[in-house]
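What follows is the content of structure21.cif (mmCIF, N, CA and C atoms).
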```cif
data_upload
loop_
_atom_site.label_atom_id
_atom_site.label_comp_id
_atom_site.auth_asym_id
_atom_site.auth_seq_id
_atom_site.Cartn_x
_atom_site.Cartn_y
_atom_site.Cartn_z
N MET W 1 68.56 -57.74 -0.16
CA MET W 1 67.51 -57.97 -1.13
C MET W 1 68.03 -58.92 -2.21
N SER W 2 67.17 -59.76 -2.75
CA SER W 2 67.52 -60.73 -3.77
C SER W 2 67.80 -60.04 -5.10
N THR W 3 68.02 -60.86 -6.11
CA THR W 3 68.26 -60.35 -7.46
C THR W 3 67.03 -59.60 -7.96
N VAL W 4 67.25 -58.45 -8.51
CA VAL W 4 66.16 -57.62 -9.01
C VAL W 4 65.57 -58.25 -10.27
N LEU W 5 64.27 -58.49 -10.26
CA LEU W 5 63.55 -59.05 -11.41
C LEU W 5 63.18 -57.99 -12.42
N PHE W 6 62.86 -56.80 -11.91
CA PHE W 6 62.31 -55.76 -12.79
C PHE W 6 62.51 -54.40 -12.13
N THR W 7 62.79 -53.41 -12.94
CA THR W 7 62.83 -52.02 -12.45
C THR W 7 61.96 -51.16 -13.35
N LEU W 8 61.39 -50.14 -12.73
CA LEU W 8 60.57 -49.17 -13.46
C LEU W 8 60.93 -47.79 -12.95
N ASP W 9 61.27 -46.90 -13.86
CA ASP W 9 61.51 -45.52 -13.49
C ASP W 9 60.22 -44.73 -13.62
N VAL W 10 59.94 -43.92 -12.61
CA VAL W 10 58.69 -43.17 -12.52
C VAL W 10 59.01 -41.74 -12.12
N GLU W 11 58.36 -40.79 -12.77
CA GLU W 11 58.48 -39.39 -12.37
C GLU W 11 57.37 -39.06 -11.38
N VAL W 12 57.72 -38.41 -10.30
CA VAL W 12 56.70 -37.95 -9.35
C VAL W 12 55.87 -36.88 -10.05
N ARG W 13 54.57 -37.03 -9.98
CA ARG W 13 53.66 -36.06 -10.59
C ARG W 13 53.22 -35.06 -9.52
N TRP W 14 52.93 -33.87 -9.93
CA TRP W 14 52.47 -32.83 -9.00
C TRP W 14 51.26 -33.31 -8.22
N ARG W 15 50.38 -34.03 -8.90
CA ARG W 15 49.15 -34.50 -8.24
C ARG W 15 49.41 -35.58 -7.19
N ASP W 16 50.63 -36.13 -7.15
CA ASP W 16 50.97 -37.12 -6.13
C ASP W 16 51.20 -36.49 -4.76
N LEU W 17 51.38 -35.17 -4.73
CA LEU W 17 51.69 -34.48 -3.48
C LEU W 17 50.44 -34.28 -2.62
N ASP W 18 50.66 -34.22 -1.32
CA ASP W 18 49.56 -33.95 -0.41
C ASP W 18 49.70 -32.53 0.16
N ALA W 19 48.89 -32.20 1.13
CA ALA W 19 48.88 -30.85 1.69
C ALA W 19 50.19 -30.49 2.40
N PHE W 20 50.99 -31.50 2.72
CA PHE W 20 52.27 -31.25 3.39
C PHE W 20 53.42 -31.15 2.39
N ASN W 21 53.08 -31.12 1.09
CA ASN W 21 54.04 -30.92 0.00
C ASN W 21 55.03 -32.08 -0.16
N HIS W 22 54.58 -33.29 0.17
CA HIS W 22 55.36 -34.47 -0.17
C HIS W 22 54.40 -35.54 -0.71
N VAL W 23 54.96 -36.57 -1.32
CA VAL W 23 54.13 -37.59 -1.96
C VAL W 23 53.24 -38.26 -0.91
N ASN W 24 51.95 -38.32 -1.22
CA ASN W 24 50.98 -38.96 -0.33
C ASN W 24 51.27 -40.45 -0.26
N ASN W 25 51.05 -41.03 0.92
CA ASN W 25 51.38 -42.44 1.14
C ASN W 25 50.66 -43.37 0.15
N ALA W 26 49.47 -43.04 -0.27
CA ALA W 26 48.73 -43.90 -1.20
C ALA W 26 49.41 -43.96 -2.57
N SER W 27 50.11 -42.91 -2.96
CA SER W 27 50.80 -42.91 -4.25
C SER W 27 51.90 -43.95 -4.31
N TYR W 28 52.52 -44.25 -3.18
CA TYR W 28 53.56 -45.27 -3.15
C TYR W 28 53.00 -46.61 -3.64
N LEU W 29 51.77 -46.92 -3.21
CA LEU W 29 51.14 -48.17 -3.64
C LEU W 29 50.89 -48.17 -5.14
N GLY W 30 50.55 -47.02 -5.69
CA GLY W 30 50.38 -46.91 -7.13
C GLY W 30 51.67 -47.14 -7.89
N TYR W 31 52.78 -46.66 -7.36
CA TYR W 31 54.08 -46.87 -8.00
C TYR W 31 54.43 -48.36 -8.06
N ILE W 32 54.22 -49.08 -6.95
CA ILE W 32 54.58 -50.50 -6.98
C ILE W 32 53.58 -51.31 -7.82
N GLU W 33 52.32 -50.88 -7.82
CA GLU W 33 51.34 -51.55 -8.67
C GLU W 33 51.73 -51.42 -10.14
N GLU W 34 52.11 -50.23 -10.55
CA GLU W 34 52.51 -50.01 -11.95
C GLU W 34 53.71 -50.87 -12.31
N ALA W 35 54.69 -50.96 -11.42
CA ALA W 35 55.86 -51.81 -11.69
C ALA W 35 55.46 -53.27 -11.81
N ARG W 36 54.60 -53.72 -10.90
CA ARG W 36 54.16 -55.12 -10.90
C ARG W 36 53.43 -55.46 -12.20
N VAL W 37 52.50 -54.63 -12.63
CA VAL W 37 51.73 -54.89 -13.84
C VAL W 37 52.63 -54.86 -15.07
N ARG W 38 53.53 -53.91 -15.13
CA ARG W 38 54.44 -53.86 -16.29
C ARG W 38 55.36 -55.08 -16.32
N TRP W 39 55.79 -55.56 -15.14
CA TRP W 39 56.60 -56.77 -15.11
C TRP W 39 55.81 -57.95 -15.62
N PHE W 40 54.57 -58.12 -15.13
CA PHE W 40 53.73 -59.22 -15.60
C PHE W 40 53.60 -59.19 -17.12
N LYS W 41 53.40 -58.00 -17.68
CA LYS W 41 53.21 -57.87 -19.14
C LYS W 41 54.46 -58.27 -19.92
N THR W 42 55.65 -58.13 -19.31
CA THR W 42 56.88 -58.56 -20.02
C THR W 42 56.99 -60.08 -20.06
N LEU W 43 56.29 -60.77 -19.18
CA LEU W 43 56.41 -62.22 -19.08
C LEU W 43 55.48 -62.94 -20.03
N SER W 44 54.25 -62.43 -20.17
CA SER W 44 53.27 -63.11 -20.99
C SER W 44 52.09 -62.17 -21.22
N GLU W 45 51.56 -62.21 -22.39
CA GLU W 45 50.35 -61.43 -22.66
C GLU W 45 49.15 -62.00 -21.91
N GLU W 46 49.28 -63.25 -21.46
CA GLU W 46 48.18 -63.93 -20.80
C GLU W 46 48.36 -63.96 -19.28
N TRP W 47 49.04 -62.98 -18.71
CA TRP W 47 49.27 -62.96 -17.25
C TRP W 47 47.96 -62.81 -16.49
N ALA W 48 46.97 -62.22 -17.14
CA ALA W 48 45.62 -62.12 -16.58
C ALA W 48 44.64 -62.35 -17.72
N SER W 49 43.68 -63.20 -17.49
CA SER W 49 42.70 -63.51 -18.53
C SER W 49 41.33 -63.66 -17.88
N ALA W 50 40.37 -63.98 -18.71
CA ALA W 50 39.01 -64.18 -18.17
C ALA W 50 38.98 -65.36 -17.21
N GLY W 51 39.89 -66.32 -17.40
CA GLY W 51 39.87 -67.52 -16.57
C GLY W 51 40.69 -67.45 -15.31
N ALA W 52 41.69 -66.56 -15.27
CA ALA W 52 42.56 -66.48 -14.09
C ALA W 52 43.27 -65.14 -14.05
N SER W 53 43.45 -64.64 -12.84
CA SER W 53 44.14 -63.36 -12.69
C SER W 53 44.77 -63.26 -11.29
N PRO W 54 45.79 -62.41 -11.16
CA PRO W 54 46.40 -62.23 -9.84
C PRO W 54 45.58 -61.27 -8.99
N ASN W 55 45.44 -61.61 -7.73
CA ASN W 55 44.77 -60.74 -6.77
C ASN W 55 45.75 -60.36 -5.68
N LEU W 56 45.69 -59.13 -5.24
CA LEU W 56 46.53 -58.67 -4.14
C LEU W 56 45.95 -59.21 -2.84
N ALA W 57 46.74 -60.04 -2.13
CA ALA W 57 46.28 -60.63 -0.88
C ALA W 57 46.79 -59.86 0.33
N ALA W 58 47.98 -59.27 0.22
CA ALA W 58 48.56 -58.53 1.34
C ALA W 58 49.62 -57.57 0.81
N VAL W 59 49.81 -56.48 1.54
CA VAL W 59 50.86 -55.53 1.19
C VAL W 59 51.44 -54.94 2.47
N THR W 60 52.75 -54.79 2.48
CA THR W 60 53.41 -54.05 3.55
C THR W 60 54.23 -52.96 2.91
N MET W 61 54.23 -51.80 3.53
CA MET W 61 55.00 -50.67 3.03
C MET W 61 55.67 -50.01 4.22
N ASN W 62 56.98 -49.97 4.17
CA ASN W 62 57.76 -49.27 5.18
C ASN W 62 58.20 -47.94 4.59
N TYR W 63 57.67 -46.87 5.12
CA TYR W 63 57.98 -45.53 4.62
C TYR W 63 59.26 -45.06 5.30
N ARG W 64 60.33 -44.92 4.53
CA ARG W 64 61.64 -44.61 5.09
C ARG W 64 61.97 -43.12 5.11
N ARG W 65 61.49 -42.39 4.12
CA ARG W 65 61.69 -40.94 4.08
C ARG W 65 60.68 -40.33 3.11
N PRO W 66 60.31 -39.07 3.32
CA PRO W 66 59.34 -38.43 2.42
C PRO W 66 59.93 -38.21 1.02
N ILE W 67 59.07 -38.28 0.04
CA ILE W 67 59.45 -37.99 -1.34
C ILE W 67 58.93 -36.59 -1.68
N GLY W 68 59.81 -35.75 -2.17
CA GLY W 68 59.42 -34.40 -2.59
C GLY W 68 59.20 -34.34 -4.09
N TRP W 69 58.97 -33.12 -4.54
CA TRP W 69 58.80 -32.87 -5.98
C TRP W 69 59.71 -31.72 -6.37
N PRO W 70 60.39 -31.80 -7.47
CA PRO W 70 60.40 -32.89 -8.45
C PRO W 70 61.32 -34.01 -7.98
N GLU W 71 61.05 -35.20 -8.46
CA GLU W 71 61.89 -36.36 -8.15
C GLU W 71 61.66 -37.45 -9.18
N SER W 72 62.73 -38.13 -9.53
CA SER W 72 62.67 -39.31 -10.38
C SER W 72 62.88 -40.53 -9.49
N LEU W 73 61.99 -41.49 -9.61
CA LEU W 73 62.02 -42.67 -8.75
C LEU W 73 62.37 -43.91 -9.55
N ARG W 74 62.89 -44.89 -8.85
CA ARG W 74 63.10 -46.22 -9.42
C ARG W 74 62.42 -47.21 -8.48
N VAL W 75 61.56 -48.03 -9.06
CA VAL W 75 60.89 -49.09 -8.30
C VAL W 75 61.55 -50.41 -8.70
N GLU W 76 62.01 -51.15 -7.71
CA GLU W 76 62.66 -52.43 -7.95
C GLU W 76 61.80 -53.54 -7.36
N LEU W 77 61.65 -54.63 -8.12
CA LEU W 77 60.90 -55.79 -7.66
C LEU W 77 61.82 -57.01 -7.57
N VAL W 78 61.65 -57.79 -6.52
CA VAL W 78 62.37 -59.05 -6.34
C VAL W 78 61.39 -60.13 -5.91
N ALA W 79 61.70 -61.39 -6.23
CA ALA W 79 60.89 -62.51 -5.77
C ALA W 79 61.40 -62.91 -4.40
N GLU W 80 60.56 -62.77 -3.39
CA GLU W 80 60.94 -63.16 -2.03
C GLU W 80 60.52 -64.58 -1.70
N ARG W 81 59.34 -64.98 -2.20
CA ARG W 81 58.84 -66.33 -1.91
C ARG W 81 57.94 -66.78 -3.04
N LEU W 82 58.20 -67.98 -3.50
CA LEU W 82 57.41 -68.59 -4.56
C LEU W 82 56.65 -69.77 -3.96
N GLY W 83 55.35 -69.64 -3.82
CA GLY W 83 54.53 -70.71 -3.26
C GLY W 83 53.80 -71.45 -4.36
N GLY W 84 52.96 -72.38 -3.96
CA GLY W 84 52.19 -73.13 -4.95
C GLY W 84 51.14 -72.27 -5.63
N LYS W 85 50.49 -71.40 -4.85
CA LYS W 85 49.42 -70.56 -5.39
C LYS W 85 49.65 -69.08 -5.13
N SER W 86 50.80 -68.75 -4.55
CA SER W 86 51.06 -67.34 -4.24
C SER W 86 52.50 -66.97 -4.56
N LEU W 87 52.69 -65.68 -4.73
CA LEU W 87 54.01 -65.12 -4.99
C LEU W 87 54.17 -63.90 -4.09
N THR W 88 55.25 -63.87 -3.34
CA THR W 88 55.57 -62.69 -2.54
C THR W 88 56.66 -61.92 -3.25
N LEU W 89 56.33 -60.70 -3.64
CA LEU W 89 57.27 -59.81 -4.31
C LEU W 89 57.75 -58.76 -3.32
N GLY W 90 59.06 -58.62 -3.19
CA GLY W 90 59.62 -57.52 -2.43
C GLY W 90 59.71 -56.31 -3.33
N HIS W 91 59.65 -55.13 -2.74
CA HIS W 91 59.79 -53.91 -3.53
C HIS W 91 60.59 -52.87 -2.77
N ARG W 92 61.26 -52.04 -3.55
CA ARG W 92 61.98 -50.89 -3.02
C ARG W 92 61.67 -49.70 -3.93
N ILE W 93 61.47 -48.55 -3.31
CA ILE W 93 61.33 -47.30 -4.06
C ILE W 93 62.52 -46.45 -3.66
N ILE W 94 63.37 -46.15 -4.64
CA ILE W 94 64.57 -45.37 -4.40
C ILE W 94 64.60 -44.19 -5.36
N SER W 95 65.50 -43.26 -5.10
CA SER W 95 65.71 -42.17 -6.04
C SER W 95 66.43 -42.73 -7.26
N ALA W 96 66.01 -42.33 -8.45
CA ALA W 96 66.68 -42.77 -9.67
C ALA W 96 68.00 -42.04 -9.88
N THR W 97 68.18 -40.93 -9.17
CA THR W 97 69.40 -40.13 -9.35
C THR W 97 70.34 -40.16 -8.15
N LYS W 98 69.80 -40.50 -6.98
CA LYS W 98 70.62 -40.59 -5.75
C LYS W 98 70.38 -41.95 -5.13
N SER W 99 71.20 -42.94 -5.50
CA SER W 99 70.95 -44.33 -5.13
C SER W 99 70.94 -44.57 -3.62
N ASP W 100 71.48 -43.64 -2.83
CA ASP W 100 71.46 -43.82 -1.38
C ASP W 100 70.15 -43.34 -0.74
N HIS W 101 69.22 -42.83 -1.54
CA HIS W 101 67.93 -42.36 -1.02
C HIS W 101 66.89 -43.47 -1.16
N LEU W 102 66.68 -44.21 -0.08
CA LEU W 102 65.64 -45.23 -0.02
C LEU W 102 64.39 -44.57 0.55
N TYR W 103 63.34 -44.55 -0.26
CA TYR W 103 62.10 -43.93 0.18
C TYR W 103 61.15 -44.91 0.86
N ALA W 104 61.12 -46.15 0.35
CA ALA W 104 60.21 -47.13 0.92
C ALA W 104 60.64 -48.52 0.49
N ASP W 105 60.22 -49.50 1.29
CA ASP W 105 60.42 -50.90 0.93
C ASP W 105 59.31 -51.71 1.57
N GLY W 106 59.20 -52.96 1.17
CA GLY W 106 58.15 -53.82 1.72
C GLY W 106 57.91 -54.99 0.80
N SER W 107 56.68 -55.52 0.84
CA SER W 107 56.36 -56.67 0.01
C SER W 107 54.87 -56.72 -0.30
N THR W 108 54.56 -57.47 -1.34
CA THR W 108 53.17 -57.75 -1.70
C THR W 108 53.03 -59.25 -1.89
N VAL W 109 51.88 -59.78 -1.53
CA VAL W 109 51.56 -61.19 -1.76
C VAL W 109 50.47 -61.22 -2.81
N MET W 110 50.76 -61.93 -3.90
CA MET W 110 49.81 -62.08 -4.99
C MET W 110 49.33 -63.53 -5.03
N VAL W 111 48.02 -63.72 -5.19
CA VAL W 111 47.42 -65.04 -5.30
C VAL W 111 46.64 -65.08 -6.61
N TRP W 112 46.86 -66.11 -7.41
CA TRP W 112 46.11 -66.25 -8.66
C TRP W 112 44.80 -66.95 -8.37
N VAL W 113 43.73 -66.42 -8.94
CA VAL W 113 42.40 -67.00 -8.73
C VAL W 113 41.72 -67.21 -10.08
N ASP W 114 40.80 -68.18 -10.11
CA ASP W 114 40.02 -68.42 -11.32
C ASP W 114 38.79 -67.52 -11.31
N ASP W 115 37.98 -67.64 -12.36
CA ASP W 115 36.83 -66.74 -12.47
C ASP W 115 35.75 -67.02 -11.42
N ALA W 116 35.87 -68.13 -10.68
CA ALA W 116 34.96 -68.41 -9.58
C ALA W 116 35.50 -67.89 -8.25
N GLY W 117 36.70 -67.29 -8.29
CA GLY W 117 37.29 -66.74 -7.07
C GLY W 117 38.09 -67.74 -6.26
N GLN W 118 38.35 -68.91 -6.81
CA GLN W 118 39.13 -69.95 -6.13
C GLN W 118 40.61 -69.82 -6.49
N SER W 119 41.48 -70.00 -5.51
CA SER W 119 42.91 -69.91 -5.80
C SER W 119 43.34 -71.09 -6.66
N ILE W 120 44.29 -70.80 -7.55
CA ILE W 120 44.80 -71.80 -8.49
C ILE W 120 46.33 -71.75 -8.47
N PRO W 121 46.98 -72.79 -9.00
CA PRO W 121 48.45 -72.76 -9.05
C PRO W 121 48.96 -71.57 -9.87
N LEU W 122 50.15 -71.10 -9.49
CA LEU W 122 50.77 -69.99 -10.22
C LEU W 122 50.97 -70.37 -11.69
N PRO W 123 50.79 -69.42 -12.60
CA PRO W 123 51.08 -69.70 -14.00
C PRO W 123 52.57 -70.04 -14.17
N GLU W 124 52.84 -70.91 -15.12
CA GLU W 124 54.22 -71.33 -15.36
C GLU W 124 55.11 -70.16 -15.75
N SER W 125 54.58 -69.18 -16.48
CA SER W 125 55.39 -68.02 -16.88
C SER W 125 55.87 -67.24 -15.66
N ILE W 126 55.05 -67.12 -14.64
CA ILE W 126 55.43 -66.43 -13.41
C ILE W 126 56.45 -67.26 -12.64
N ARG W 127 56.19 -68.55 -12.53
CA ARG W 127 57.10 -69.44 -11.82
C ARG W 127 58.49 -69.43 -12.46
N ALA W 128 58.54 -69.53 -13.79
CA ALA W 128 59.81 -69.56 -14.50
C ALA W 128 60.58 -68.26 -14.33
N ALA W 129 59.89 -67.14 -14.34
CA ALA W 129 60.55 -65.83 -14.23
C ALA W 129 61.17 -65.62 -12.85
N CYS W 130 60.65 -66.32 -11.85
CA CYS W 130 61.13 -66.13 -10.46
C CYS W 130 62.23 -67.10 -10.06
N ARG W 131 62.50 -68.09 -10.90
CA ARG W 131 63.52 -69.08 -10.55
C ARG W 131 64.91 -68.53 -10.69
#
```
Go ahead and express the file in the form of structure tokens.
Amino acid sequence: MSTVLFTLDVEVRWRDLDAFNHVNNASYLGYIEEARVRWFKTLSEEWASAGASPNLAAVTMNYRRPIGWPESLRVELVAERLGGKSLTLGHRIISATKSDHLYADGSTVMVWVDDAGQSIPLPESIRAACR
């Protein structure tokens, strides 16, 4: 994995569990979404505006092991590919206390679009942060 751009520590909430007493697969997507949004906010207050915003174009999630409760997680983001109008972010969800526990990894593709829904070049703040 490349250089980590951003990390976010997250506590597993009781409501994240499913009937099998482990974190439901949909919650993993929420963890990476929260990390992504918080990273964007550290770069610029204008990461999303009325004129342009990032849209999720694709996501892959490789579930490596179940997450139980209680657990403290660390979500790590890396820039995998910087395109003209898209950004591919890699992600890993690991235990914050047991670094050898990899729970999930994968990637998301973000495309910036204008208020008409047309793709536009990546904002300079995003491009600069990924270099």
Sorted by chain and rising residue number, which residues of stretch 83-123 of chain W lie within 8 Å of stretch 51-66 of chain W, and what are their closest atom pairs and distances in Å to one decimal, counting all atoms listed in the file, as a tab-separated table?
```
residue	atom	partner	partner_atom	distance
W:His101	C	W:Arg65	N	7.6
W:Leu102	C	W:Arg65	N	5.1
W:Tyr103	C	W:Arg64	N	3.8
W:Ala104	CA	W:Arg64	N	4.2
W:Asp105	C	W:Asn62	N	3.9
W:Gly106	CA	W:Thr60	C	4.2
W:Ser107	C	W:Thr60	N	4.0
W:Thr108	CA	W:Val59	CA	4.3
W:Val109	N	W:Ala58	C	3.9
W:Met110	CA	W:Asn55	C	4.5
W:Val111	C	W:Asn55	N	3.8
W:Trp112	CA	W:Pro54	CA	4.2
W:Val113	N	W:Ser53	C	4.1
W:Asp114	CA	W:Gly51	C	4.2
W:Asp115	N	W:Gly51	C	4.0
W:Ala116	N	W:Gly51	C	6.7
```
key: Residues matched by the PyMOL selection byres ((chain W and resi 69-77) around 5), written as a list in words   = Val4, Leu5, Phe6, Thr7, Leu8, Asp9, Val10, Glu11, Val12, Ile67, Gly68, Val78, Ala79, Gly90, His91, Arg92, Ile93, Ile94, Ser95 and Ala96 of chain W
Could you save the residues just selected, with N, CA and C atoms, as a PDB file, in the coordinates of the input?
```pdb
ATOM      1  N   VAL W   4      67.250 -58.450  -8.510  1.00  0.00           N
ATOM      2  CA  VAL W   4      66.160 -57.620  -9.010  1.00  0.00           C
ATOM      3  C   VAL W   4      65.570 -58.250 -10.270  1.00  0.00           C
ATOM      4  N   LEU W   5      64.270 -58.490 -10.260  1.00  0.00           N
ATOM      5  CA  LEU W   5      63.550 -59.050 -11.410  1.00  0.00           C
ATOM      6  C   LEU W   5      63.180 -57.990 -12.420  1.00  0.00           C
ATOM      7  N   PHE W   6      62.860 -56.800 -11.910  1.00  0.00           N
ATOM      8  CA  PHE W   6      62.310 -55.760 -12.790  1.00  0.00           C
ATOM      9  C   PHE W   6      62.510 -54.400 -12.130  1.00  0.00           C
ATOM     10  N   THR W   7      62.790 -53.410 -12.940  1.00  0.00           N
ATOM     11  CA  THR W   7      62.830 -52.020 -12.450  1.00  0.00           C
ATOM     12  C   THR W   7      61.960 -51.160 -13.350  1.00  0.00           C
ATOM     13  N   LEU W   8      61.390 -50.140 -12.730  1.00  0.00           N
ATOM     14  CA  LEU W   8      60.570 -49.170 -13.460  1.00  0.00           C
ATOM     15  C   LEU W   8      60.930 -47.790 -12.950  1.00  0.00           C
ATOM     16  N   ASP W   9      61.270 -46.900 -13.860  1.00  0.00           N
ATOM     17  CA  ASP W   9      61.510 -45.520 -13.490  1.00  0.00           C
ATOM     18  C   ASP W   9      60.220 -44.730 -13.620  1.00  0.00           C
ATOM     19  N   VAL W  10      59.940 -43.920 -12.610  1.00  0.00           N
ATOM     20  CA  VAL W  10      58.690 -43.170 -12.520  1.00  0.00           C
ATOM     21  C   VAL W  10      59.010 -41.740 -12.120  1.00  0.00           C
ATOM     22  N   GLU W  11      58.360 -40.790 -12.770  1.00  0.00           N
ATOM     23  CA  GLU W  11      58.480 -39.390 -12.370  1.00  0.00           C
ATOM     24  C   GLU W  11      57.370 -39.060 -11.380  1.00  0.00           C
ATOM     25  N   VAL W  12      57.720 -38.410 -10.300  1.00  0.00           N
ATOM     26  CA  VAL W  12      56.700 -37.950  -9.350  1.00  0.00           C
ATOM     27  C   VAL W  12      55.870 -36.880 -10.050  1.00  0.00           C
ATOM     28  N   ILE W  67      59.070 -38.280   0.040  1.00  0.00           N
ATOM     29  CA  ILE W  67      59.450 -37.990  -1.340  1.00  0.00           C
ATOM     30  C   ILE W  67      58.930 -36.590  -1.680  1.00  0.00           C
ATOM     31  N   GLY W  68      59.810 -35.750  -2.170  1.00  0.00           N
ATOM     32  CA  GLY W  68      59.420 -34.400  -2.590  1.00  0.00           C
ATOM     33  C   GLY W  68      59.200 -34.340  -4.090  1.00  0.00           C
ATOM     34  N   VAL W  78      61.650 -57.790  -6.520  1.00  0.00           N
ATOM     35  CA  VAL W  78      62.370 -59.050  -6.340  1.00  0.00           C
ATOM     36  C   VAL W  78      61.390 -60.130  -5.910  1.00  0.00           C
ATOM     37  N   ALA W  79      61.700 -61.390  -6.230  1.00  0.00           N
ATOM     38  CA  ALA W  79      60.890 -62.510  -5.770  1.00  0.00           C
ATOM     39  C   ALA W  79      61.400 -62.910  -4.400  1.00  0.00           C
ATOM     40  N   GLY W  90      59.060 -58.620  -3.190  1.00  0.00           N
ATOM     41  CA  GLY W  90      59.620 -57.520  -2.430  1.00  0.00           C
ATOM     42  C   GLY W  90      59.710 -56.310  -3.330  1.00  0.00           C
ATOM     43  N   HIS W  91      59.650 -55.130  -2.740  1.00  0.00           N
ATOM     44  CA  HIS W  91      59.790 -53.910  -3.530  1.00  0.00           C
ATOM     45  C   HIS W  91      60.590 -52.870  -2.770  1.00  0.00           C
ATOM     46  N   ARG W  92      61.260 -52.040  -3.550  1.00  0.00           N
ATOM     47  CA  ARG W  92      61.980 -50.890  -3.020  1.00  0.00           C
ATOM     48  C   ARG W  92      61.670 -49.700  -3.930  1.00  0.00           C
ATOM     49  N   ILE W  93      61.470 -48.550  -3.310  1.00  0.00           N
ATOM     50  CA  ILE W  93      61.330 -47.300  -4.060  1.00  0.00           C
ATOM     51  C   ILE W  93      62.520 -46.450  -3.660  1.00  0.00           C
ATOM     52  N   ILE W  94      63.370 -46.150  -4.640  1.00  0.00           N
ATOM     53  CA  ILE W  94      64.570 -45.370  -4.400  1.00  0.00           C
ATOM     54  C   ILE W  94      64.600 -44.190  -5.360  1.00  0.00           C
ATOM     55  N   SER W  95      65.500 -43.260  -5.100  1.00  0.00           N
ATOM     56  CA  SER W  95      65.710 -42.170  -6.040  1.00  0.00           C
ATOM     57  C   SER W  95      66.430 -42.730  -7.260  1.00  0.00           C
ATOM     58  N   ALA W  96      66.010 -42.330  -8.450  1.00  0.00           N
ATOM     59  CA  ALA W  96      66.680 -42.770  -9.670  1.00  0.00           C
ATOM     60  C   ALA W  96      68.000 -42.040  -9.880  1.00  0.00           C
TER      61      ALA W  96
END
```
All file atoms of stretch 93-97 of chain W boxed axis-aligned, 8 Å per side, centre plus edges, as JSON:
```
{"center_x": 65.8, "center_y": -44.3, "center_z": -6.6, "size_x": 25.0, "size_y": 24.4, "size_z": 22.6}
```
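For the pair atom CA of W:Ser86 and atom CA of W:Pro121, the separation is 7.7 Å.
When atom CA of W:Asn21 is paired with atom CA of W:Ala35, their separation reads 24.0 Å.
Rounded to one decimal, atom C of W:Glu45 and atom N of W:Ala128 lie 14.5 Å from each other.
Considering the residues W:Thr42, W:Glu80, W:Leu89, W:Ser49 and counting only C-alpha atoms, W:Ser125 has its shortest atom-to-atom contact with W:Thr42.
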Among the residues of stretch 28-112 of chain W, find those DSSP assigns to helix (DSSP H, G or I) from the backbone and print them as a ChimeraX atom specification.
/W:28-43
Q. Looking only at the backbone, which of the residues in chain W does DSSP tag as strand (DSSP E), as a PyMOL selection string?
A. chain W and resi 4-11+52-63+72-82+86-95+102-114
Got a sec: who's within 8 Å of W:Pro123, counting all atoms listed in the file, leaving out chain neighbours fewer than 3 positions off, as a PDB file with N, CA and C atoms, in the coordinates of the input?
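And here's selection_21.pdb as it stands now:
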```pdb
ATOM      1  N   TRP W  47      49.040 -62.980 -18.710  1.00  0.00           N
ATOM      2  CA  TRP W  47      49.270 -62.960 -17.250  1.00  0.00           C
ATOM      3  C   TRP W  47      47.960 -62.810 -16.490  1.00  0.00           C
ATOM      4  N   GLY W  84      52.960 -72.380  -3.960  1.00  0.00           N
ATOM      5  CA  GLY W  84      52.190 -73.130  -4.950  1.00  0.00           C
ATOM      6  C   GLY W  84      51.140 -72.270  -5.630  1.00  0.00           C
ATOM      7  N   LYS W  85      50.490 -71.400  -4.850  1.00  0.00           N
ATOM      8  CA  LYS W  85      49.420 -70.560  -5.390  1.00  0.00           C
ATOM      9  C   LYS W  85      49.650 -69.080  -5.130  1.00  0.00           C
ATOM     10  N   TRP W 112      46.860 -66.110  -7.410  1.00  0.00           N
ATOM     11  CA  TRP W 112      46.110 -66.250  -8.660  1.00  0.00           C
ATOM     12  C   TRP W 112      44.800 -66.950  -8.370  1.00  0.00           C
ATOM     13  N   ILE W 120      44.290 -70.800  -7.550  1.00  0.00           N
ATOM     14  CA  ILE W 120      44.800 -71.800  -8.490  1.00  0.00           C
ATOM     15  C   ILE W 120      46.330 -71.750  -8.470  1.00  0.00           C
ATOM     16  N   ILE W 126      55.050 -67.120 -14.640  1.00  0.00           N
ATOM     17  CA  ILE W 126      55.430 -66.430 -13.410  1.00  0.00           C
ATOM     18  C   ILE W 126      56.450 -67.260 -12.640  1.00  0.00           C
ATOM     19  N   ARG W 127      56.190 -68.550 -12.530  1.00  0.00           N
ATOM     20  CA  ARG W 127      57.100 -69.440 -11.820  1.00  0.00           C
ATOM     21  C   ARG W 127      58.490 -69.430 -12.460  1.00  0.00           C
ATOM     22  N   ALA W 128      58.540 -69.530 -13.790  1.00  0.00           N
ATOM     23  CA  ALA W 128      59.810 -69.560 -14.500  1.00  0.00           C
ATOM     24  C   ALA W 128      60.580 -68.260 -14.330  1.00  0.00           C
ATOM     25  N   ALA W 129      59.890 -67.140 -14.340  1.00  0.00           N
ATOM     26  CA  ALA W 129      60.550 -65.830 -14.230  1.00  0.00           C
ATOM     27  C   ALA W 129      61.170 -65.620 -12.850  1.00  0.00           C
TER      28      ALA W 129
END
```
